[in-house]
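Undergrad: Take a look at the following structure, please.
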Amino acid sequence: MFQILIVDDEHIERKGITRLIQKYGLELEAAEAENGEEALEILASRPIDILFTDIKMPFMDGLELCRRARELYPDIHMIIFSAFGEFEYAQQAIQYHIFAYLLKPIDVNDFVREFESVIAHCKKQQAERERSRMMLAGYHKGMEHEKENVLLGLIGGRDVTAEQLAQAGIAIPGSGIQMILVDVDGPVFAEDHDRFPASVQSLIPSGFEIVNLNESQSVLLLFRTPGQEGFEALSALGDRLMQAWTELYGRNVNLVMGRPVADVTAIADEFASMERTLEEKFFFQESTVLFTDERLANRDLSDALPKLMETINWHMDAKDDFGFRKGVELFFKTIEGNGRHSAIFVKYLCTELAKRVLLAAGERDVLAFKPYVEEIFGCRSLSALKSHLYRLMDLLQMPGEANPPRIPRR
């Protein structure tokens with residue numbers, strides 16, 4: 001349905017035109033104005049496809065209305081209707097590219113013919129606009145796809161030339177690049193393509209690029225290097241982003257803050273380091289910020305954990321239930337929130353403990369131990385590992401327990 005504005009100072013004339021539109025089923029929705037000034041106000045307030053105006057009106061005549069309408073709205077279709085004696089006067093309107101001219105009293109056949117013609121022209125114009133819009137959208141989509149390929153090439157270690165960067169519309173300044181790996185506990189980047197970039201824009205007003213790795217991971221490349229402002233500023237930025245995106249998605253969000261790199265040749269190596277660092281999220285129950293720069297990370301517990309495990313084993317051998325359980329609790333408390341060790345190493349220690357627990361509980365079948373190992377190494381979080389180990393601990397009979405739990409067969 002196209003929009004038409006009927007302008008005439010005679011109420012009966014306006015209503016007559018509206019009735020003709022309705023009678024002949026023309027695809028038009030009509031608005032009315034009684035003079036040129038009122039018509040301009042309507043044109044400014046809503047989209048109008050066709051302007052149908054009389055010539056002689058108070059305040060502003062039809063010619064002046066056509067002139068100003070054409071200046072303000074170049075694509076509008078204009079039709080003039082006037083008395084026979086005003087024909088020469090109306091010829092002045094030719095310079096405003098009038099679509100048609102109708103004489104009063106209006107001949108119905110002429111009216112319907114001209115309006116069907118202008119409606120057909122409006123449809124053609126609408127189709128051309130849609131084609132242009134689709135072509136432009138396709139162009140932008142192609143550019144975004146090209147940019148994504150170039151960015152993925154950078155972080156993946158492919159050779160990317162300056163010409164390829166320029167063609168993809170990526171301008172990397174000489175001040176350096178700060179990468180942030182965003183890992184969300186859920187497929188948020190597949191659900192909403194616009195929400196994340198909008199949030200980044202509000203949180204980081206300086207230059208950046210975004211490339212999604214998959215439905216739950218994305219990488220930010222910041223071109224105003226926060227690392228140049230000191231570790232405190234980088235840590236504060238990470239906390240701010242983590243809190244904002246945890247609230248935005250209602251899910252755990254883990255960030256890896258990379259070290260600033262001087263140029264594109266160092267991006268791939270730093271990203272590989274960020275991926276390795278992300279594995280440390282295993283040790284955190286909630287959203288967290290990790291750093292590839294070890295000066296911002298926690299201490300390495302590789303030596304402390306085996307010693308702690310020796311203490312736990314001593315309490316178990318001594319059948320000291322209180323000391324044993326306190327030791328296991330301390331073991332998990334020590335590693336929780338501290339990712340500077342391997343998840344595989346922690347799982348290995350847990351399998352050794354599980355083996356001793358099963359032996360102490362009377363299980364001698366080596367094959368029966370295999371499912372427990374598989375379940376331990378299949379744990380994807382520290383909380384799952386902790387729960388599994390606590391269930392195993394309940395198999396032990398320590399002093400004060402009447403009947404030991406029965407070892408389940410798998």
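We name chains A, B, ... following the order of the structure tokens; residues begin at 1 in each chain, and ligands are numbered from 1 as shown.
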I'd like the neighbourhood of Lys370 (chain A) as a PyMOL selection string, where a residue qualifies if any of its atoms comes within 12 Å (using only C-alpha atoms), though same-chain residues fewer than 2 positions away should be ignored.
TA: chain A and resi 351+354-355+358+365-368+372-377+409-410
Undergrad: Produce a file of the selected residues containing C-alpha atoms, as a tab-separated table (two decimals), in the first residue's frame.
TA:
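The new file part.tsv reads:
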chain	number	residue	atom	x	y	z
A	351	THR	CA	43.49	-41.21	39.71
A	354	ALA	CA	41.21	-43.12	43.57
A	355	LYS	CA	43.32	-46.23	43.08
A	358	LEU	CA	39.61	-48.61	45.88
A	365	ASP	CA	40.40	-56.24	40.23
A	366	VAL	CA	42.54	-54.04	37.97
A	367	LEU	CA	39.90	-53.98	35.23
A	368	ALA	CA	37.31	-52.67	37.66
A	372	TYR	CA	36.87	-44.80	37.42
A	373	VAL	CA	39.91	-43.56	35.51
A	374	GLU	CA	37.81	-42.84	32.44
A	375	GLU	CA	35.30	-40.89	34.49
A	376	ILE	CA	38.04	-38.85	36.19
A	377	PHE	CA	39.68	-37.90	32.90
A	409	ARG	CA	30.19	-53.03	39.84
A	410	ARG	CA	30.42	-51.34	36.45
Undergrad: Would you mind writing down, as a CSV table (one decimal) with N, CA and C atoms, in the first residue's frame, each residue of region 171-245 of chain A that DSSP on the backbone assigns to alpha helix (DSSP H)?
TA:
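Ended up saving to part_3.csv:
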chain,number,residue,atom,x,y,z
A,188,VAL,N,26.2,-18.5,22.6
A,188,VAL,CA,25.7,-17.1,22.5
A,188,VAL,C,26.0,-16.4,21.2
A,189,PHE,N,27.1,-16.7,20.5
A,189,PHE,CA,27.5,-16.0,19.3
A,189,PHE,C,26.7,-16.6,18.1
A,190,ALA,N,26.1,-17.7,18.2
A,190,ALA,CA,25.2,-18.2,17.2
A,190,ALA,C,23.8,-17.7,17.3
A,191,GLU,N,23.4,-17.3,18.5
A,191,GLU,CA,22.0,-16.9,18.7
A,191,GLU,C,21.8,-15.4,18.4
A,195,ARG,N,24.3,-8.4,19.3
A,195,ARG,CA,24.4,-8.0,20.7
A,195,ARG,C,25.9,-7.9,21.2
A,196,PHE,N,26.7,-8.8,20.8
A,196,PHE,CA,28.1,-8.8,21.3
A,196,PHE,C,28.9,-7.6,20.7
A,197,PRO,N,28.8,-7.3,19.4
A,197,PRO,CA,29.5,-6.1,18.9
A,197,PRO,C,29.0,-4.8,19.5
A,198,ALA,N,27.7,-4.8,19.8
A,198,ALA,CA,27.2,-3.5,20.4
A,198,ALA,C,27.7,-3.4,21.8
A,199,SER,N,27.8,-4.5,22.5
A,199,SER,CA,28.3,-4.3,23.9
A,199,SER,C,29.8,-4.0,23.9
A,200,VAL,N,30.6,-4.5,22.9
A,200,VAL,CA,32.0,-4.2,22.8
A,200,VAL,C,32.1,-2.7,22.5
A,201,GLN,N,31.3,-2.2,21.6
A,201,GLN,CA,31.3,-0.8,21.3
A,201,GLN,C,31.1,0.1,22.5
A,202,SER,N,30.2,-0.3,23.4
A,202,SER,CA,29.9,0.5,24.5
A,202,SER,C,31.0,0.4,25.6
A,203,LEU,N,31.7,-0.7,25.6
A,203,LEU,CA,32.7,-0.9,26.7
A,203,LEU,C,34.1,-0.5,26.2
A,231,PHE,N,50.0,-3.1,34.0
A,231,PHE,CA,49.3,-4.4,34.3
A,231,PHE,C,48.0,-4.1,35.0
A,232,GLU,N,48.0,-3.1,35.9
A,232,GLU,CA,46.7,-2.8,36.7
A,232,GLU,C,45.6,-2.4,35.7
A,233,ALA,N,45.9,-1.6,34.7
A,233,ALA,CA,44.9,-1.2,33.8
A,233,ALA,C,44.3,-2.4,33.0
A,234,LEU,N,45.2,-3.3,32.6
A,234,LEU,CA,44.8,-4.5,31.8
A,234,LEU,C,44.0,-5.4,32.7
A,235,SER,N,44.3,-5.5,33.9
A,235,SER,CA,43.5,-6.4,34.8
A,235,SER,C,42.2,-5.8,35.1
A,236,ALA,N,42.1,-4.4,35.2
A,236,ALA,CA,40.9,-3.7,35.5
A,236,ALA,C,40.0,-3.9,34.3
A,237,LEU,N,40.6,-3.8,33.1
A,237,LEU,CA,39.8,-3.9,31.8
A,237,LEU,C,39.2,-5.3,31.8
A,238,GLY,N,40.0,-6.3,32.1
A,238,GLY,CA,39.5,-7.7,32.0
A,238,GLY,C,38.3,-7.9,33.0
A,239,ASP,N,38.5,-7.4,34.2
A,239,ASP,CA,37.4,-7.5,35.2
A,239,ASP,C,36.1,-6.8,34.7
A,240,ARG,N,36.3,-5.7,34.1
A,240,ARG,CA,35.1,-4.9,33.7
A,240,ARG,C,34.4,-5.6,32.5
A,241,LEU,N,35.1,-6.2,31.6
A,241,LEU,CA,34.5,-6.9,30.5
A,241,LEU,C,33.9,-8.2,31.0
A,242,MET,N,34.5,-8.9,31.9
A,242,MET,CA,34.0,-10.2,32.4
A,242,MET,C,32.7,-10.0,33.1
A,243,GLN,N,32.6,-8.9,33.9
A,243,GLN,CA,31.4,-8.7,34.7
A,243,GLN,C,30.3,-8.3,33.8
A,244,ALA,N,30.6,-7.4,32.8
A,244,ALA,CA,29.6,-6.9,31.9
A,244,ALA,C,29.0,-8.1,31.1
A,245,TRP,N,29.8,-9.0,30.5
A,245,TRP,CA,29.3,-10.0,29.7
A,245,TRP,C,28.7,-11.2,30.5
Undergrad: What is the CA of Phe291 (chain A)-CA of Glu279 (chain A) distance in Å, reported with one decimal?
TA: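 Going from CA of Phe291 (chain A) over to CA of Glu279 (chain A) covers 11.6 Å.
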Undergrad: How far is it from CA of Lys386 (chain A) to CA of Asp183 (chain A), in Å with one decimal?
TA: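 So the answer is 22.8 Å.
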Undergrad: Which residues in region 207-273 of chain A does DSSP call strand (DSSP E)? List them as a ChimeraX atom specification.
TA: /A:208-214,217-222,253-257
Undergrad: If we count only C-alpha atoms, what is near Leu151 (chain A) at a cut-off of 9 Å, once residues fewer than 5 positions away on the same chain are taken out, given as a short mmCIF file (atom, residue, chain, number, x, y, z; two decimals) with C-alpha atoms, in the first residue's frame?
TA:
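This is the output file part23.cif:
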data_model
loop_
_atom_site.label_atom_id
_atom_site.label_comp_id
_atom_site.auth_asym_id
_atom_site.auth_seq_id
_atom_site.Cartn_x
_atom_site.Cartn_y
_atom_site.Cartn_z
CA GLU A 146 36.50 -11.38 3.66
CA GLY A 156 45.89 -19.01 12.59
CA VAL A 160 48.53 -12.12 5.29
CA LEU A 165 44.46 -6.25 5.08
CA ILE A 170 41.42 -3.67 8.36
CA GLU A 209 37.97 -5.88 15.35
CA ILE A 210 35.93 -8.97 16.30
CA VAL A 211 36.17 -12.47 14.85
#
Undergrad: Any idea what's packed within 9 Å of Met309 (chain A), counting only C-alpha atoms, ignoring anything in its chain fewer than 3 positions away? Could you give it as a PyMOL selection string?
TA: chain A and resi 304-306+312-314+327-328+331+349+353
Undergrad: Quick one: everything within 10 Å of Ile106 (chain A), counting only C-alpha atoms, minus sequence neighbours fewer than 4 positions away in the same chain. Send it as a PyMOL selection string.
TA: chain A and resi 17+81-83+102+110-111
Undergrad: Might you pull out every residue within 9 Å of Thr311 (chain A), with only C-alpha atoms counted and same-chain residues fewer than 4 positions away left off, and present them as a list in words?
TA: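 What passes the distance filter is Pro306, Lys307, His315, Met316, Gly323, Phe324 and Gly327 of chain A.
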Undergrad: Write a file of the selected residues as an mmCIF file, in the first residue's frame, keeping N, CA and C atoms.
TA:
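Written file, result_31.cif:
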data_model
loop_
_atom_site.group_PDB
_atom_site.id
_atom_site.type_symbol
_atom_site.label_atom_id
_atom_site.label_comp_id
_atom_site.auth_asym_id
_atom_site.auth_seq_id
_atom_site.Cartn_x
_atom_site.Cartn_y
_atom_site.Cartn_z
ATOM 1 N N PRO A 306 51.993 -32.673 44.929
ATOM 2 C CA PRO A 306 52.394 -34.045 45.301
ATOM 3 C C PRO A 306 52.689 -34.197 46.790
ATOM 4 N N LYS A 307 53.278 -33.184 47.392
ATOM 5 C CA LYS A 307 53.558 -33.246 48.833
ATOM 6 C C LYS A 307 52.251 -33.285 49.618
ATOM 7 N N HIS A 315 47.246 -40.050 55.981
ATOM 8 C CA HIS A 315 46.034 -40.081 56.814
ATOM 9 C C HIS A 315 45.138 -41.262 56.433
ATOM 10 N N MET A 316 45.077 -41.588 55.154
ATOM 11 C CA MET A 316 44.248 -42.714 54.732
ATOM 12 C C MET A 316 44.835 -44.024 55.253
ATOM 13 N N GLY A 323 41.392 -36.520 59.258
ATOM 14 C CA GLY A 323 42.566 -35.970 58.596
ATOM 15 C C GLY A 323 42.544 -36.212 57.100
ATOM 16 N N PHE A 324 42.046 -37.415 56.709
ATOM 17 C CA PHE A 324 41.974 -37.744 55.288
ATOM 18 C C PHE A 324 41.038 -36.793 54.546
ATOM 19 N N GLY A 327 42.359 -33.317 54.360
ATOM 20 C CA GLY A 327 43.443 -33.232 53.389
ATOM 21 C C GLY A 327 42.922 -33.100 51.969
#
Undergrad: As a ChimeraX atom specification, please: the residues near Leu385 (chain A) (cut-off 10 Å, only C-alpha atoms, same-chain neighbours under 6 positions excluded).
TA: /A:282,332,346-347,350,375-379
Undergrad: Work out how far apart CA of Asp192 (chain A) and CA of Phe208 (chain A) are and give it in Å to one decimal.
TA: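 Those two atoms sit 19.2 Å apart.
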Undergrad: Given the choices A:Val118, A:Val261, A:Ile155, A:Leu5, which gets closest to Pro47 (chain A) if the distance is worked out from only C-alpha atoms?
TA: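 Checking each of A:Val118, A:Val261, A:Ile155, A:Leu5 against Pro47 (chain A), counting only C-alpha atoms, the winner is A:Leu5.
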Undergrad: Restricting the calculation to only C-alpha atoms, which member of A:Asp9, A:Leu63, A:Pro58, A:Phe115 is positioned closest to Leu28 (chain A)?
TA: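 The closest residue to Leu28 (chain A) is A:Phe115.
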